[in-house]
>>> print(open('input-v1.cif').read())   # mmCIF, C-alpha atoms and all ligand atoms
data_run
loop_
_atom_site.label_atom_id
_atom_site.label_comp_id
_atom_site.auth_asym_id
_atom_site.auth_seq_id
_atom_site.Cartn_x
_atom_site.Cartn_y
_atom_site.Cartn_z
CA MET A 222 -17.66 9.01 -2.60
CA PRO A 223 -14.65 7.78 -0.62
CA LYS A 224 -12.43 5.35 -2.51
CA ILE A 225 -10.81 2.19 -1.18
CA VAL A 226 -7.45 1.42 -2.80
CA SER A 227 -5.65 -1.88 -2.18
CA ILE A 228 -1.99 -2.41 -2.95
CA HIS A 229 -1.16 -6.03 -3.41
CA SER A 230 1.50 -8.34 -4.81
CA TYR A 231 1.73 -12.06 -5.20
CA ARG A 232 5.19 -12.18 -3.67
CA GLY A 233 6.82 -10.29 -0.80
CA GLY A 234 9.43 -7.55 -1.01
CA THR A 235 8.07 -6.21 -4.29
CA GLY A 236 7.62 -2.66 -2.98
CA LYS A 237 4.02 -2.56 -1.74
CA SER A 238 4.70 -0.60 1.43
CA ASN A 239 6.99 1.90 -0.29
CA SER A 240 4.47 2.39 -3.11
CA THR A 241 1.53 2.68 -0.71
CA SER A 242 3.14 5.36 1.43
CA ASN A 243 4.34 7.42 -1.53
CA ILE A 244 1.09 7.27 -3.49
CA ALA A 245 -1.01 7.90 -0.37
CA ALA A 246 1.13 10.90 0.59
CA ILE A 247 0.78 12.41 -2.90
CA VAL A 248 -3.00 11.88 -2.84
CA ALA A 249 -3.15 13.58 0.59
CA SER A 250 -1.02 16.47 -0.64
CA ARG A 251 -3.64 17.09 -3.34
CA GLY A 252 -6.17 18.14 -0.70
CA ASN A 253 -7.49 14.77 0.47
CA ARG A 254 -8.01 13.07 3.80
CA VAL A 255 -6.24 9.73 3.55
CA CYS A 256 -5.62 6.74 5.81
CA ILE A 257 -3.28 3.78 5.28
CA VAL A 258 -4.11 0.50 7.04
CA ASP A 259 -1.36 -2.08 7.40
CA THR A 260 -3.16 -5.40 6.96
CA ASP A 261 0.16 -7.24 6.62
CA ILE A 262 -0.42 -8.50 10.13
CA GLN A 263 2.15 -11.28 9.87
CA SER A 264 4.97 -9.05 8.65
CA PRO A 265 4.01 -5.40 9.19
CA GLY A 266 6.23 -2.71 7.75
CA VAL A 267 4.64 0.47 6.46
CA HIS A 268 4.95 2.18 9.89
CA VAL A 269 8.74 2.24 9.38
CA LEU A 270 8.39 4.70 6.49
CA PHE A 271 6.59 7.06 8.85
CA GLY A 272 9.34 6.87 11.46
CA TYR A 273 7.82 4.41 13.93
CA ASP A 274 9.44 1.36 15.49
CA GLU A 275 8.41 -1.24 18.05
CA SER A 276 9.10 1.07 21.00
CA SER A 277 7.12 4.02 19.60
CA LEU A 278 4.04 2.08 18.45
CA GLU A 279 1.62 2.06 21.37
CA ARG A 280 -1.56 1.05 19.56
CA SER A 281 -2.30 -0.95 16.45
CA LEU A 282 -4.87 -2.69 14.29
CA ASN A 283 -4.48 -5.66 16.65
CA ASP A 284 -6.09 -3.63 19.48
CA TYR A 285 -9.14 -3.18 17.28
CA LEU A 286 -9.27 -6.83 16.16
CA TRP A 287 -9.10 -7.95 19.78
CA GLY A 288 -11.88 -5.58 20.86
CA ARG A 289 -9.68 -3.29 22.96
CA LEU A 290 -10.13 -0.04 21.02
CA PRO A 291 -12.41 1.42 18.35
CA ILE A 292 -10.42 1.36 15.11
CA GLU A 293 -10.26 5.14 14.74
CA GLU A 294 -8.41 5.33 18.05
CA THR A 295 -5.66 3.09 16.65
CA ALA A 296 -4.90 5.61 13.87
CA TYR A 297 -1.83 7.85 14.06
CA ASP A 298 -1.98 11.29 12.47
CA VAL A 299 1.18 11.30 10.31
CA SER A 300 0.32 14.49 8.40
CA SER A 301 3.70 15.97 9.34
CA VAL A 302 5.19 14.00 6.40
CA LEU A 303 3.27 16.37 4.13
CA GLN A 304 5.62 19.15 5.30
CA GLY A 305 2.81 21.68 5.02
CA LYS A 306 2.04 20.73 1.40
CA GLY A 307 -1.57 20.50 0.33
CA THR A 308 -4.70 22.29 1.46
CA SER A 309 -6.44 22.77 4.80
CA ARG A 310 -8.26 19.48 4.10
CA SER A 311 -5.04 17.49 3.53
CA ALA A 312 -4.38 14.86 6.18
CA ILE A 313 -2.80 11.44 6.36
CA TYR A 314 -3.36 8.79 9.00
CA LEU A 315 -1.78 5.43 9.60
CA VAL A 316 -3.25 2.37 11.30
CA PRO A 317 -0.18 0.22 11.94
CA SER A 318 -0.08 -3.46 12.67
CA SER A 319 1.67 -4.61 15.84
CA VAL A 320 5.34 -5.55 15.53
CA LYS A 321 5.43 -7.25 18.93
CA ALA A 322 6.43 -10.89 18.48
CA SER A 323 3.80 -12.01 21.00
CA ASP A 324 1.02 -10.16 19.12
CA ILE A 325 2.06 -11.63 15.76
CA ALA A 326 2.25 -15.08 17.34
CA ARG A 327 -1.26 -14.63 18.78
CA ILE A 328 -2.70 -13.65 15.40
CA LEU A 329 -1.05 -16.65 13.75
CA ARG A 330 -2.25 -18.96 16.51
CA GLU A 331 -5.82 -17.72 16.97
CA GLY A 332 -6.57 -16.03 13.66
CA TYR A 333 -9.19 -13.29 13.74
CA ASP A 334 -12.58 -12.50 12.31
CA VAL A 335 -11.87 -11.11 8.84
CA ASN A 336 -15.33 -9.49 8.73
CA LEU A 337 -14.16 -7.17 11.49
CA LEU A 338 -11.75 -5.67 8.98
CA ASN A 339 -14.56 -4.71 6.65
CA ASP A 340 -16.50 -3.02 9.49
CA GLY A 341 -13.29 -1.34 10.63
CA PHE A 342 -12.59 0.11 7.18
CA GLN A 343 -16.09 1.60 7.04
CA ASP A 344 -15.70 3.04 10.55
CA LEU A 345 -12.39 4.63 9.58
CA ILE A 346 -13.97 6.21 6.50
CA ASP A 347 -16.83 7.63 8.59
CA LYS A 348 -15.02 8.67 11.75
CA LEU A 349 -11.94 10.16 10.07
CA ASP A 350 -14.03 11.65 7.23
CA LEU A 351 -11.76 10.03 4.66
CA ASP A 352 -11.57 10.60 0.93
CA TYR A 353 -9.24 7.62 0.38
CA LEU A 354 -8.48 4.49 2.36
CA PHE A 355 -5.30 2.67 1.29
CA ILE A 356 -4.87 -0.97 2.27
CA ASP A 357 -1.29 -2.25 2.35
CA THR A 358 -1.66 -6.02 2.15
CA HIS A 359 0.15 -9.24 2.94
CA PRO A 360 1.62 -10.90 -0.18
CA GLY A 361 -0.11 -13.89 -1.76
CA LEU A 362 -3.75 -14.77 -1.61
CA ASN A 363 -5.41 -15.39 1.73
CA GLU A 364 -8.68 -14.52 3.39
CA GLU A 365 -7.83 -10.92 4.21
CA THR A 366 -6.35 -10.14 0.80
CA LEU A 367 -9.44 -11.59 -0.88
CA LEU A 368 -11.59 -9.39 1.34
CA SER A 369 -9.54 -6.29 0.55
CA ILE A 370 -9.69 -7.06 -3.19
CA THR A 371 -13.47 -7.57 -2.99
CA ILE A 372 -14.15 -4.21 -1.35
CA SER A 373 -11.65 -2.16 -3.38
CA ASP A 374 -12.59 0.49 -5.89
CA VAL A 375 -9.03 0.41 -7.19
CA LEU A 376 -6.53 -2.45 -7.01
CA LEU A 377 -2.85 -1.72 -7.61
CA LEU A 378 -0.86 -4.88 -8.29
CA VAL A 379 2.88 -4.56 -7.83
CA LEU A 380 5.27 -6.94 -9.58
CA ARG A 381 8.94 -7.16 -10.44
CA PRO A 382 10.07 -8.22 -13.88
CA ASP A 383 10.79 -11.75 -12.64
CA GLN A 384 9.31 -15.05 -13.83
CA GLN A 385 8.02 -15.96 -10.37
CA ASP A 386 6.23 -12.63 -10.12
CA TYR A 387 4.85 -12.93 -13.64
CA GLN A 388 3.26 -16.33 -13.02
CA GLY A 389 1.92 -15.58 -9.56
CA THR A 390 0.52 -12.24 -10.61
CA ALA A 391 -1.50 -13.95 -13.35
CA VAL A 392 -3.36 -15.85 -10.63
CA THR A 393 -4.10 -12.64 -8.73
CA VAL A 394 -5.30 -10.85 -11.87
CA ASP A 395 -7.67 -13.75 -12.53
CA VAL A 396 -9.04 -13.57 -9.01
CA ALA A 397 -9.44 -9.78 -9.21
CA ARG A 398 -11.39 -10.12 -12.46
CA LYS A 399 -13.65 -12.79 -10.95
CA LEU A 400 -14.27 -10.52 -7.97
CA GLU A 401 -15.07 -7.70 -10.42
CA VAL A 402 -12.75 -5.04 -9.04
CA PRO A 403 -13.86 -1.82 -10.78
CA GLU A 404 -10.32 -0.65 -11.59
CA LEU A 405 -7.12 -2.66 -11.81
CA PHE A 406 -3.68 -1.21 -12.53
CA MET A 407 -0.27 -2.84 -12.59
CA ILE A 408 2.86 -1.25 -11.12
CA VAL A 409 6.18 -2.67 -12.28
CA ASN A 410 8.86 -2.08 -9.64
CA LYS A 411 12.60 -2.76 -9.45
CA ALA A 412 12.97 -2.74 -13.22
CA PRO A 413 16.67 -3.00 -14.20
CA THR A 414 17.67 0.39 -15.61
CA ILE A 415 19.11 -1.25 -18.74
CA PHE A 416 15.60 -2.36 -19.76
CA ASP A 417 13.54 -0.39 -22.24
CA PHE A 418 10.71 0.76 -19.94
CA ASN A 419 8.24 1.33 -22.76
CA GLN A 420 8.78 -2.19 -24.04
CA LEU A 421 8.45 -3.57 -20.50
CA LYS A 422 5.20 -1.65 -20.02
CA GLU A 423 3.79 -3.01 -23.28
CA LYS A 424 4.87 -6.54 -22.39
CA VAL A 425 3.13 -6.44 -19.00
CA GLU A 426 0.00 -4.84 -20.49
CA ASP A 427 -0.04 -7.56 -23.11
CA ILE A 428 0.37 -10.43 -20.61
CA TYR A 429 -2.42 -9.28 -18.27
CA SER A 430 -4.62 -7.21 -20.58
CA ALA A 431 -4.43 -4.54 -17.90
CA GLN A 432 -2.98 -1.05 -17.82
CA VAL A 433 0.40 -0.36 -16.28
CA ALA A 434 0.11 2.79 -14.17
CA GLY A 435 3.87 3.12 -13.71
CA VAL A 436 7.27 1.48 -14.15
CA LEU A 437 9.79 2.20 -11.39
CA PRO A 438 13.50 1.50 -11.76
CA HIS A 439 15.52 -0.60 -9.39
CA SER A 440 17.32 2.15 -7.56
CA ASP A 441 20.35 2.30 -5.27
CA GLU A 442 18.93 5.49 -3.78
CA MET A 443 15.80 3.59 -2.75
CA MET A 444 17.97 0.91 -1.14
CA ILE A 445 20.00 3.57 0.64
CA LEU A 446 16.84 5.31 1.83
CA ALA A 447 15.98 1.81 3.12
CA SER A 448 12.35 2.56 4.00
CA SER A 449 13.42 5.40 6.30
CA GLY A 450 11.05 7.93 4.77
CA VAL A 451 8.45 8.83 2.20
CA TYR A 452 10.46 9.46 -0.95
CA ALA A 453 8.04 11.50 -3.04
CA LEU A 454 7.74 14.30 -0.53
CA ARG A 455 11.45 14.48 0.21
CA TYR A 456 12.52 14.52 -3.43
CA PRO A 457 9.69 16.22 -5.33
CA ASP A 458 11.70 16.52 -8.55
CA HIS A 459 13.02 12.96 -8.69
CA GLU A 460 12.04 10.58 -11.52
CA PHE A 461 10.54 8.22 -8.92
CA THR A 462 8.26 10.97 -7.71
CA LYS A 463 7.04 11.64 -11.24
CA VAL A 464 6.04 7.97 -11.60
CA PHE A 465 4.29 7.94 -8.22
CA GLU A 466 2.47 11.15 -9.18
CA ALA A 467 1.24 9.56 -12.40
CA ILE A 468 -0.03 6.56 -10.43
CA ALA A 469 -1.71 8.88 -7.91
CA ASP A 470 -3.46 10.64 -10.81
CA ARG A 471 -4.83 7.30 -12.02
CA VAL A 472 -6.08 6.49 -8.52
CA MET A 473 -7.81 9.85 -8.25
CA SER A 474 -9.35 9.92 -11.73
N1 LIG B 501 12.52 0.47 -6.87
C1 LIG B 501 13.25 0.01 -5.86
N2 LIG B 501 14.60 -0.06 -5.97
C2 LIG B 501 15.35 -0.53 -4.95
N3 LIG B 501 14.86 -0.97 -3.79
C3 LIG B 501 13.53 -0.93 -3.61
C4 LIG B 501 12.65 -0.43 -4.62
N4 LIG B 501 11.37 -0.52 -4.16
C5 LIG B 501 11.46 -1.04 -2.92
N5 LIG B 501 12.75 -1.28 -2.58
C6 LIG B 501 13.24 -1.90 -1.34
O1 LIG B 501 12.74 -3.24 -1.31
C7 LIG B 501 12.42 -3.61 0.02
C8 LIG B 501 10.96 -4.08 0.09
O2 LIG B 501 10.10 -2.97 -0.14
P1 LIG B 501 8.67 -2.89 0.55
O3 LIG B 501 8.00 -1.66 0.05
O4 LIG B 501 8.78 -3.05 2.02
O5 LIG B 501 7.99 -4.17 -0.11
P2 LIG B 501 6.72 -5.04 0.38
O6 LIG B 501 5.86 -4.16 1.20
O7 LIG B 501 6.08 -5.46 -0.90
O8 LIG B 501 7.27 -6.20 1.13
C9 LIG B 501 12.73 -2.40 0.89
O9 LIG B 501 14.03 -2.57 1.41
C10 LIG B 501 12.72 -1.25 -0.08
O10 LIG B 501 13.54 -0.20 0.34
MG MG B 502 5.02 -4.39 3.10
#
>>> encode(input="input-v1.cif", output="structure tokens", more="lines below")
Ligand SMILES: Nc1ncnc2c1ncn2[C@@H]1O[C@H](COP(=O)(O)OP(=O)(O)O)[C@@H](O)[C@H]1O
Ligand SMILES: [Mg+2]
Amino acid sequence: MPKIVSIHSYRGGTGKSNSTSNIAAIVASRGNRVCIVDTDIQSPGVHVLFGYDESSLERSLNDYLWGRLPIEETAYDVSSVLQGKGTSRSAIYLVPSSVKASDIARILREGYDVNLLNDGFQDLIDKLDLDYLFIDTHPGLNEETLLSITISDVLLLVLRPDQQDYQGTAVTVDVARKLEVPELFMIVNKAPTIFDFNQLKEKVEDIYSAQVAGVLPHSDEMMILASSGVYALRYPDHEFTKVFEAIADRVMS
């Protein structure tokens, strides 16, 4: 059975897109066919980690939402990031969201039929023969994030150890429980390295009565990498990679 995995956070800039791309790439490298969909239509970003920019993105989720293309034709095969790792089945695709100002303005002005997203996800799973569909979401709660939470088998909630994140995340956890998401895991990102990570993990597990799948440090290296690549595959022995691998194991179990 293919699994749908949503990565969400209450606030922006918490590390959703970086986490999504790293976890998805690890899952693909373990012999799976994987696709990431950028549903952060108002502020897309995950394409950057796969080396795309405005000039190189010719098709996007927007083309599907506006009835121009079947969704599977908007997907880019980005399996080259796997650098040959994995099995003959391993593959990773990306459905980016448009970064053209006029397209973002149109979505904000006209909105779109959120139900199309649900149909699109199912089409992607069928047409690309996926094992995992990862949904990189827009922060906060809105119609499309509620939809993605509703249809997810696994929800990964990213938060920073910050009071604003703590409070907002409580709301999201509540909503996820009401929507009966089968599996919910927390990811703590940008933890100051002077913190005791075990204590932080216990604190977050205590607050939300949910398991923490990983605690990632705030890292200068990550800032220097500045979303220019998928970390876990470039630095397989790094501590970050070990955390992402542990999260990937949870997603796959
Ligand atoms: N653990 C980390 N340490 C330092 N910088 C990070 C870390 N995780 C993410 N970042 C940086 O934070 C910014 C936001 O990350 P991103 O994954 O785009 O978040 P989101 O998708 O939630 O908005 C990016 O510049 C990214 O490089
Ligand atoms: Mg993002």
>>> residues_around(input="input-v1.cif", residues="segment 225-235 of chain A", least_positions_apart="6", cutoff="8 Å", atoms="all atoms listed in the file", output="PyMOL selection string")
chain A and resi 241+353-362+366+369-370+372-381+386+389-390+393+410-411+472
>>> residues_near_point(input="input-v1.cif", point="(3.6, 7.3, 6.8)", cutoff="9 Å", atoms="all atoms listed in the file", output="list in words")
Ser242, Asn243, Ala245, Ala246, Ile257, Val267, His268, Val269, Leu270, Phe271, Gly272, Tyr273, Asp298, Val299, Ser300, Val302, Ile313, Tyr314, Leu315, Gly450 and Val451 of chain A
>>> residues_near_ligand(input="input-v1.cif", ligand="ligand LIG 501 (chain B)", cutoff="6 Å", atoms="only C-alpha atoms and all ligand atoms", output="PyMOL selection string")
chain A and resi 233-239+410-411+437-441+443-444+447-448
>>> axis_aligned_box(input="input-v1.cif", around="segment 311-327 of chain A", padding_each_side="8 Å", output="JSON")
{"center_x": 0.7, "center_y": 1.2, "center_z": 12.3, "size_x": 27.5, "size_y": 48.6, "size_z": 33.5}
>>> atom_distance(input="input-v1.cif", atom1="atom CA of Glu466 of chain A", atom2="atom CA of Glu401 of chain A")
25.8 Å
>>> closest_residue(input="input-v1.cif", among="A:Ser318, A:Glu279, A:Val425, A:Asp334", to="ligand MG 502 (chain B)", atoms="all atoms listed in the file")
A:Ser318
>>> atom_distance(input="input-v1.cif", atom1="atom CA of Glu365 of chain A", atom2="atom CA of Leu338 of chain A")
8.1 Å
>>> closest_residue(input="input-v1.cif", among="A:Ser276, A:Asn336, A:Ser250, A:Gln432", to="Leu405 of chain A", atoms="only C-alpha atoms")
A:Gln432
>>> closest_residue(input="input-v1.cif", among="A:Ser264, A:Asp340, A:Gln385, A:Glu275", to="ligand MG 502 (chain B)", atoms="all atoms listed in the file")
A:Ser264
>>> closest_residue(input="input-v1.cif", among="A:Ser311, A:Val433, A:Asp427, A:Gln388", to="Arg251 of chain A", atoms="only C-alpha atoms")
A:Ser311
>>> closest_residue(input="input-v1.cif", among="A:Gly435, A:Asp259, A:Ser323, A:Phe416", to="ligand MG 502 (chain B)", atoms="only C-alpha atoms and all ligand atoms")
A:Asp259
>>> closest_residue(input="input-v1.cif", among="A:Leu290, A:Glu404, A:Val255, A:Ala249", to="Asp350 of chain A", atoms="all atoms listed in the file")
A:Val255
>>> decode(input="input-v1.cif", residues="segment 421-443 of chain A", atoms="N, CA and C atoms", output="PDB file, in the first residue's frame")
ATOM      1  N   LEU A 421      15.177  17.796  25.691  1.00  0.00           N
ATOM      2  CA  LEU A 421      14.297  18.515  24.765  1.00  0.00           C
ATOM      3  C   LEU A 421      13.272  17.545  24.151  1.00  0.00           C
ATOM      4  N   LYS A 422      13.755  16.376  23.776  1.00  0.00           N
ATOM      5  CA  LYS A 422      12.883  15.352  23.197  1.00  0.00           C
ATOM      6  C   LYS A 422      11.792  14.968  24.197  1.00  0.00           C
ATOM      7  N   GLU A 423      12.212  14.727  25.442  1.00  0.00           N
ATOM      8  CA  GLU A 423      11.233  14.341  26.471  1.00  0.00           C
ATOM      9  C   GLU A 423      10.218  15.455  26.717  1.00  0.00           C
ATOM     10  N   LYS A 424      10.721  16.696  26.722  1.00  0.00           N
ATOM     11  CA  LYS A 424       9.828  17.832  26.955  1.00  0.00           C
ATOM     12  C   LYS A 424       8.753  17.909  25.861  1.00  0.00           C
ATOM     13  N   VAL A 425       9.182  17.791  24.621  1.00  0.00           N
ATOM     14  CA  VAL A 425       8.231  17.894  23.499  1.00  0.00           C
ATOM     15  C   VAL A 425       7.265  16.701  23.520  1.00  0.00           C
ATOM     16  N   GLU A 426       7.770  15.524  23.837  1.00  0.00           N
ATOM     17  CA  GLU A 426       6.888  14.339  23.894  1.00  0.00           C
ATOM     18  C   GLU A 426       5.839  14.496  24.991  1.00  0.00           C
ATOM     19  N   ASP A 427       6.285  15.102  26.082  1.00  0.00           N
ATOM     20  CA  ASP A 427       5.411  15.354  27.215  1.00  0.00           C
ATOM     21  C   ASP A 427       4.313  16.365  26.866  1.00  0.00           C
ATOM     22  N   ILE A 428       4.716  17.458  26.220  1.00  0.00           N
ATOM     23  CA  ILE A 428       3.756  18.527  25.884  1.00  0.00           C
ATOM     24  C   ILE A 428       2.654  18.002  24.957  1.00  0.00           C
ATOM     25  N   TYR A 429       3.041  17.231  23.932  1.00  0.00           N
ATOM     26  CA  TYR A 429       2.069  16.848  22.899  1.00  0.00           C
ATOM     27  C   TYR A 429       1.584  15.404  23.007  1.00  0.00           C
ATOM     28  N   SER A 430       2.113  14.664  23.970  1.00  0.00           N
ATOM     29  CA  SER A 430       1.823  13.221  24.044  1.00  0.00           C
ATOM     30  C   SER A 430       1.988  12.570  22.674  1.00  0.00           C
ATOM     31  N   ALA A 431       3.078  12.918  22.025  1.00  0.00           N
ATOM     32  CA  ALA A 431       3.378  12.360  20.700  1.00  0.00           C
ATOM     33  C   ALA A 431       4.874  12.063  20.636  1.00  0.00           C
ATOM     34  N   GLN A 432       5.238  11.112  19.783  1.00  0.00           N
ATOM     35  CA  GLN A 432       6.656  10.754  19.710  1.00  0.00           C
ATOM     36  C   GLN A 432       7.461  11.733  18.868  1.00  0.00           C
ATOM     37  N   VAL A 433       8.661  12.018  19.335  1.00  0.00           N
ATOM     38  CA  VAL A 433       9.591  12.838  18.560  1.00  0.00           C
ATOM     39  C   VAL A 433      10.444  11.882  17.713  1.00  0.00           C
ATOM     40  N   ALA A 434      10.367  12.045  16.401  1.00  0.00           N
ATOM     41  CA  ALA A 434      11.111  11.138  15.515  1.00  0.00           C
ATOM     42  C   ALA A 434      12.557  11.587  15.350  1.00  0.00           C
ATOM     43  N   GLY A 435      12.842  12.858  15.674  1.00  0.00           N
ATOM     44  CA  GLY A 435      14.222  13.327  15.549  1.00  0.00           C
ATOM     45  C   GLY A 435      14.381  14.745  16.066  1.00  0.00           C
ATOM     46  N   VAL A 436      15.561  15.027  16.601  1.00  0.00           N
ATOM     47  CA  VAL A 436      15.918  16.398  17.013  1.00  0.00           C
ATOM     48  C   VAL A 436      17.139  16.796  16.191  1.00  0.00           C
ATOM     49  N   LEU A 437      17.003  17.894  15.451  1.00  0.00           N
ATOM     50  CA  LEU A 437      18.089  18.362  14.583  1.00  0.00           C
ATOM     51  C   LEU A 437      18.670  19.658  15.136  1.00  0.00           C
ATOM     52  N   PRO A 438      19.978  19.763  15.163  1.00  0.00           N
ATOM     53  CA  PRO A 438      20.596  20.972  15.716  1.00  0.00           C
ATOM     54  C   PRO A 438      20.455  22.165  14.776  1.00  0.00           C
ATOM     55  N   HIS A 439      20.501  23.353  15.352  1.00  0.00           N
ATOM     56  CA  HIS A 439      20.686  24.526  14.504  1.00  0.00           C
ATOM     57  C   HIS A 439      22.116  24.448  14.016  1.00  0.00           C
ATOM     58  N   SER A 440      22.297  24.558  12.700  1.00  0.00           N
ATOM     59  CA  SER A 440      23.623  24.282  12.167  1.00  0.00           C
ATOM     60  C   SER A 440      24.072  25.343  11.176  1.00  0.00           C
ATOM     61  N   ASP A 441      25.310  25.831  11.382  1.00  0.00           N
ATOM     62  CA  ASP A 441      25.885  26.792  10.443  1.00  0.00           C
ATOM     63  C   ASP A 441      26.060  26.146   9.068  1.00  0.00           C
ATOM     64  N   GLU A 442      26.408  24.861   9.076  1.00  0.00           N
ATOM     65  CA  GLU A 442      26.603  24.167   7.795  1.00  0.00           C
ATOM     66  C   GLU A 442      25.322  24.184   6.966  1.00  0.00           C
ATOM     67  N   MET A 443      24.185  24.001   7.662  1.00  0.00           N
ATOM     68  CA  MET A 443      22.896  24.001   6.978  1.00  0.00           C
ATOM     69  C   MET A 443      22.635  25.390   6.398  1.00  0.00           C
TER      70      MET A 443
END
